[in-house]
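J.: Got a structure for you, questions after.
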There are 2 protein chains.
Amino acid sequence: MTPVPSPPQAVRWAADGAGVDILDQTLLPGKEERRVLRTAEEAASAIAQLQVRGAPAIGIAAAMALAVDLANHADLPVDAFFQRMAQSALRLMTARPTAVNLSWAVRRALNATKGASSINEVIAALHGEADRILEEDRDMCRRIGQHALTLFPAGPVGVMTHCNAGALATGGIGTALAPVYLAHAAGRSVHVYAPETRPLLQGSRLTAWELERAGIDVTVLPDSAAAVVLCERKVDLVIVGADRIAANGDVANKVGTYALAVLAAHHGIPFYVAAPTSTLDLTTSNGAAIPIELRSADEVRRGFGRLTSPEAVEVFTPAFDVTPAALVSAIITEHGVVRPPYDAGLAAPVERSPERNEGAG
Amino acid sequence: MTPVPSPPQAVRWAADGAGVDILDQTLLPGKEERRVLRTAEEAASAIAQLQVRGAPAIGIAAAMALAVDLANHADLPVDAFFQRMAQSALRLMTARPTAVNLSWAVRRALNATKGASSINEVIAALHGEADRILEEDRDMCRRIGQHALTLFPAGPVGVMTHCNAGALATGGIGTALAPVYLAHAAGRSVHVYAPETRPLLQGSRLTAWELERAGIDVTVLPDSAAAVVLCERKVDLVIVGADRIAANGDVANKVGTYALAVLAAHHGIPFYVAAPTSTLDLTTSNGAAIPIELRSADEVRRGFGRLTSPEAVEVFTPAFDVTPAALVSAIITEHGVVRPPYDAGLAAPVERSPERNEGAG
């Protein structure tokens with residue numbers, strides 16, 4: 001049986017059960033500091049500021065924050081309580097626009113309250129559902145890892161990723177990085193190339209940090225050097241996470257993903273997307289319909305506390321881009337490996353046995 | 001007659017004639033501060049630190065520094081003088097390894113001293129040749145601009161570049177940016193997209209600064225967002241400079257250029273390289289033989305005075321990459337527009353009349 005890796009916990013219940021305890025990712029890698037969020041507003045703001053980030057992790061955090069927020073208002077009159085619930089749910093769902101997991105998780109939590117006959121039952125239902133979302137995510141990460149690992153070639157493997165789709169982005173061992181953790185735990189030689197991911201440097205700050213912490217070989221590079229690494233055949237595959245996957249298989253993910261997909265195709269290197277089915281948005285027919293968050297120009301102009309472009313220059317800084325399904329070699333969900341054409345495969349994912357590591361389940 | 005633009009002077013003679021006066025580009029855009037270099041060592045160090053950078057500009061600076069350095073040693077015995085000349089020349093030629101202009105300019109200066117019959121004549125010859133290199137570069141930039149402008153489509157034009165191949169990289173109006181200056185001066189609508197160019201941000205710090213100063217529309221973007229701009233058809237062409245062009249047309253230029261070339265080809269957008277013939281290295285048969293400078297890991301790990309990756313993580317940060325000739329739509333030199341196959345065209349460039357703006361010469 002493969003040992004189970006124990007990476008950092010991006011989001012968990014606070015010790016007193018009345019808060020959402022997050023690792024503040026804006027401070028990494030310099031400081032490892034946790035924060036407890038006690039209201040929907042605090043959580044939405046932490047999500048908008050990327051203190052907690054990654055599509056699965058923000059879904060979990062939002063569901064947990066909703067439970068915590070309402071537990072603090074158990075003494076409100078019934079009307080006011082449900083008004084607060086609606087407001088808090090809306091605030092959390094709209095904290096960021098692109099990842100569909102936010103609204104998925106909040107809707108799921110709200111659905112779980114149906115049939116509750118008292119405020120206390122509603123709160124218990126929210127708490128229970130948030131807990132299930134967290135636990136299921138942990139399990140999904142492991143399953144995604146097992147399925148994705150079947151795509152790794154035998155022998156030492158070079159992997160390129162982008163941004164951070166690791167433990168820090170989920171409740172478990174990550175999505176794109178899950179097979180890396182499993183390969184390493186099984187004693188296989190794996191080397192990860194992590195483009196730094198401007199402007200907020202999730203690759204160099206977060207992916208490098210969590211992999212180094214786990215003893216996994218990692219090389220950081222400027223985003224613009226990824227093509228050189230691909231050209232030099234240092235990697236066998238590219239694997240990234242996703243913030244939203246449309247019904248046709250188009251993938252919204254951190255800006256730079258689309259470029260990597262084009263570059264991987266040019267070099268004949270497979271390009272994989274690993275994401276839980278909570279990231280699928282079958283109501284969005286294709287990538288053009290996915291709303292893309294534009295971030296603040298100052299993240300580029302003075303991202304490090306120093307002026308790195310003229311004060312008032314126009315900046316184009318989308319948080320995400322859309323990779324057309326045609327450039328995606330396969331999508332790995334907790335249900336298995338889906339190959340194109342995606343429209344059928346994603347709508348009705350078939351549970352497939354991974355070729356190895358089944359025992360780790 | 002088109003008005004001649006007057007962009008910033010990256011390198012010029014000091015007012016007293018006994019120094020090389022550079023604009024310290026490491027301080028831009030925050031501070032506009034000039035520095036006077038008085039020895040070969042000071043100049044080599046300024047070149048290595050990128051206070052003066054860009055293939056043409058460092059060639060000019062090296063030739064000027066050699067003259068200035070030796071003028072300060074006119075009173076040495078003849079043997080010691082020539083020993084100093086050899087040492088200073090070598091120090092300047094090897095300040096950075098990739099751009100061929102450094103050794104081209106120093107060799108040219110040394111060749112000019114042949115026939116000099118006294119130390120004073122040697123110094124005068126070095127000074128005269130450095131001055132010619134500076135003046136010729138200014139002229140070459142304008143010619144490159146005129147030739148490149150023939151490749152601009154009619155109407156408002158969107159241009160993507162990379163790094164800085166503008167005035168700050170040359171003695172004149174730049175190479176890749178020369179047609180942009182000429183188009184703007186002729187009253188045409190031109191919008192430049194400048195990827196920031198990690199790790200040292202020459203795009204956001206320098207290209208954006210010099211274009212904004214000239215009143216030319218410019219948008220800065222993270223390198224990883226360039227693919228989105230290309231996909232959205234915001235640009236008609238990509239044009240970059242070069243640090244060395246091999247005999248077969250392979251181009252070494254700032255890291256990220258190769259990725260842009262692949263992305264441009266994928267989107268059917270022409271990809272041009274603009275460079276003076278001093279950048280051609282016909283003794284290098286192809287790109288694989290071009291030495292690529294690796295920069296310090298700390299430029300990525302703590303480039304802005306703040307830790308942006310784990311302290312000791314491995315970093316891959318080549319200063320340049322090589323774009324194969326097959327991805328280059330045309331190379332523009334001061335002699336005209338050369339189309340593939342490049343091996344014949346680059347070895348014997350034919351002077352071509354630009355289709356417009358001939359009057360600006």
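Each chain in the structure tokens gets a letter, A, B, ..., in the order shown, and its residues are numbered from 1; ligands are numbered from 1 in order too.
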Using only C-alpha atoms, which residues of chain A come within 8 Å of chain B, and what is the closest atom pair for each, with the distance in Å to one decimal? Give it as a tab-separated table, sorted by chain and residue number.

T.:
```
residue	atom	partner	partner_atom	distance
A:Pro29	CA	B:Pro310	CA	5.8
A:Gly30	CA	B:Leu307	CA	6.2
A:Thr197	CA	B:Ser224	CA	7.6
A:Arg198	CA	B:Pro222	CA	6.1
A:Pro199	CA	B:Pro222	CA	6.5
A:Leu201	CA	B:Thr308	CA	7.2
A:Ser204	CA	B:Ser309	CA	4.7
A:Arg205	CA	B:Ser309	CA	4.5
A:Leu206	CA	B:Ser309	CA	7.7
A:Ala208	CA	B:Pro310	CA	6.8
A:Trp209	CA	B:Pro310	CA	5.8
A:Glu212	CA	B:Val313	CA	7.6
A:Val218	CA	B:Glu314	CA	6.8
A:Thr219	CA	B:Glu314	CA	4.9
A:Val220	CA	B:Val315	CA	4.7
A:Leu221	CA	B:Phe316	CA	5.0
A:Pro222	CA	B:Arg198	CA	6.1
A:Asp223	CA	B:Ser224	CA	6.3
A:Ser224	CA	B:Gly256	CA	4.2
A:Ala225	CA	B:Gly256	CA	5.9
A:Ala226	CA	B:Ala259	CA	8.0
A:Ala227	CA	B:Ala259	CA	5.4
A:Val228	CA	B:Asp321	CA	6.9
A:Val255	CA	B:Ala225	CA	6.0
A:Gly256	CA	B:Ser224	CA	4.2
A:Thr257	CA	B:Ser224	CA	7.9
A:Tyr258	CA	B:Ala227	CA	6.9
A:Ala259	CA	B:Ala227	CA	5.4
A:Val262	CA	B:Leu263	CA	6.9
A:Leu263	CA	B:Val262	CA	6.9
A:His266	CA	B:Val262	CA	7.5
A:Val300	CA	B:Pro222	CA	7.2
A:Arg301	CA	B:Ser204	CA	7.9
A:Phe304	CA	B:Phe304	CA	5.8
A:Gly305	CA	B:Phe304	CA	7.8
A:Arg306	CA	B:Phe304	CA	7.0
A:Leu307	CA	B:Gly30	CA	6.2
A:Thr308	CA	B:Arg205	CA	5.4
A:Ser309	CA	B:Arg205	CA	4.5
A:Pro310	CA	B:Pro29	CA	5.8
A:Val313	CA	B:Thr219	CA	6.7
A:Glu314	CA	B:Thr219	CA	4.9
A:Val315	CA	B:Val220	CA	4.7
A:Phe316	CA	B:Leu221	CA	5.0
A:Thr317	CA	B:Leu221	CA	5.9
A:Pro318	CA	B:Ala225	CA	7.4
A:Asp321	CA	B:Val228	CA	6.9
```

J.: Excluding stretch 174-180 of chain B and residues on its chain fewer than 3 positions from it, collect all residues at most 8 Å away from it, counting only C-alpha atoms, and give them as a PyMOL selection string.

T.: chain B and resi 141-142+144-149+161+165-171+183-184+190+239-241+273-276

J.: For a test of reading the model, state the distance in Å between atom CA of B:Ala14 and atom CA of B:Asn253, rounded to one decimal.

T.: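 If I compute the distance from atom CA of B:Ala14 to atom CA of B:Asn253, I get 29.6 Å.
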
J.: Per residue of stretch 49-90 of chain B within 10 Å of stretch 102-122 of chain B, which atom pair is closest and at what distance in Å (one decimal), using only C-alpha atoms, listed by chain and increasing number, as a Markdown table?

T.:
```
| residue | atom | partner | partner_atom | distance |
| --- | --- | --- | --- | --- |
| B:Ala55 | CA | B:Leu102 | CA | 7.5 |
| B:Pro56 | CA | B:Leu102 | CA | 8.2 |
| B:Ala57 | CA | B:Leu102 | CA | 9.0 |
| B:Ile58 | CA | B:Leu102 | CA | 6.2 |
| B:Gly59 | CA | B:Leu102 | CA | 4.3 |
| B:Ile60 | CA | B:Ala105 | CA | 6.7 |
| B:Ala61 | CA | B:Leu102 | CA | 8.7 |
| B:Ala62 | CA | B:Leu102 | CA | 6.5 |
| B:Ala63 | CA | B:Val106 | CA | 5.4 |
| B:Met64 | CA | B:Ala109 | CA | 8.9 |
| B:Ala65 | CA | B:Val106 | CA | 9.6 |
| B:Leu66 | CA | B:Val106 | CA | 7.7 |
| B:Ala67 | CA | B:Ala109 | CA | 8.5 |
| B:Leu70 | CA | B:Val122 | CA | 8.9 |
| B:Ala71 | CA | B:Asn120 | CA | 8.1 |
| B:His73 | CA | B:Ile119 | CA | 9.3 |
| B:Ala74 | CA | B:Ile119 | CA | 6.4 |
| B:Asp75 | CA | B:Ile119 | CA | 8.6 |
| B:Leu76 | CA | B:Ile119 | CA | 9.0 |
| B:Pro77 | CA | B:Ile119 | CA | 9.2 |
| B:Val78 | CA | B:Ile119 | CA | 7.2 |
| B:Phe81 | CA | B:Ile119 | CA | 7.8 |
| B:Phe82 | CA | B:Ile119 | CA | 8.9 |
| B:Met85 | CA | B:Leu110 | CA | 8.8 |
| B:Ala86 | CA | B:Leu110 | CA | 9.2 |
| B:Ser88 | CA | B:Val106 | CA | 9.7 |
| B:Ala89 | CA | B:Val106 | CA | 6.3 |
| B:Leu90 | CA | B:Val106 | CA | 8.6 |
```

J.: Compile the contact shell of B:Pro153 as a short mmCIF file (atom, residue, chain, number, x, y, z; two decimals) with all heavy atoms, in the first residue's frame: residues with an atom at most 8 Å away, counting only C-alpha atoms, same-chain residues fewer than 3 positions apart removed.

T.:
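The result, stored in out16.cif:
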```cif
data_model
loop_
_atom_site.label_atom_id
_atom_site.label_comp_id
_atom_site.auth_asym_id
_atom_site.auth_seq_id
_atom_site.Cartn_x
_atom_site.Cartn_y
_atom_site.Cartn_z
N THR B 150 7.30 49.02 -44.10
CA THR B 150 6.65 48.50 -45.32
C THR B 150 5.86 47.23 -45.01
O THR B 150 5.03 46.80 -45.82
CB THR B 150 7.67 48.18 -46.43
OG1 THR B 150 8.51 47.11 -46.01
CG2 THR B 150 8.53 49.39 -46.76
N VAL B 157 -2.76 50.06 -36.57
CA VAL B 157 -2.01 48.82 -36.49
C VAL B 157 -1.71 48.45 -35.04
O VAL B 157 -1.40 49.31 -34.20
CB VAL B 157 -0.71 48.92 -37.35
CG1 VAL B 157 0.19 50.04 -36.87
CG2 VAL B 157 0.06 47.61 -37.38
N ASP B 236 -1.54 42.91 -35.35
CA ASP B 236 -1.38 42.51 -36.75
C ASP B 236 -0.06 41.78 -36.97
O ASP B 236 0.09 41.04 -37.94
CB ASP B 236 -1.42 43.74 -37.65
CG ASP B 236 -2.71 44.50 -37.50
OD1 ASP B 236 -3.72 43.99 -38.03
OD2 ASP B 236 -2.75 45.54 -36.83
#
```

J.: As a ChimeraX atom specification, please: every residue in stretch 69-274 of chain A that DSSP puts in strand (DSSP E).

T.: /A:157-160,190-195,217-221,237-240,244-246,251-254,271-274

J.: Among stretch 22-56 of chain A, which ones does DSSP place in alpha helix (DSSP H), written as a list in words?

T.: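 Going through stretch 22-56 of chain A, the alpha helix (DSSP H) residues come out as Ala40, Glu41, Glu42, Ala43, Ala44, Ser45, Ala46, Ile47, Ala48, Ala55 and Pro56 of chain A.
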
J.: Mind checking which residues fall within 7 Å of A:Asp281, counting only C-alpha atoms, ignoring those fewer than 6 positions away in the same chain, and posting them as an mmCIF file with C-alpha atoms, in the first residue's frame?

T.:
```cif
data_model
loop_
_atom_site.group_PDB
_atom_site.id
_atom_site.type_symbol
_atom_site.label_atom_id
_atom_site.label_comp_id
_atom_site.auth_asym_id
_atom_site.auth_seq_id
_atom_site.Cartn_x
_atom_site.Cartn_y
_atom_site.Cartn_z
ATOM 1 C CA VAL A 100 -17.609 27.630 -10.787
ATOM 2 C CA ARG A 244 -14.114 25.969 -14.932
ATOM 3 C CA ILE A 245 -14.597 23.393 -17.682
ATOM 4 C CA ALA A 246 -17.324 24.036 -20.236
ATOM 5 C CA ALA A 247 -19.549 21.292 -21.623
#
```

J.: Grab the atom CA of B:Val20 to atom CA of B:Arg38 distance for me, in Å with one decimal place.

T.: 6.5 Å

J.: Quick one: everything within 7 Å of B:Ala325, counting only C-alpha atoms, minus sequence neighbours fewer than 5 positions away in the same chain. Send it as an MDAnalysis selection string.

T.: chainID B and resid 248:251

J.: Counting only C-alpha atoms, which of B:Ile292, B:Ile22, B:Ala214, B:Leu151 gets nearest to B:Ile47?

T.: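 Looking only at the distances to B:Ile47, the closest residue turns out to be B:Ile22.
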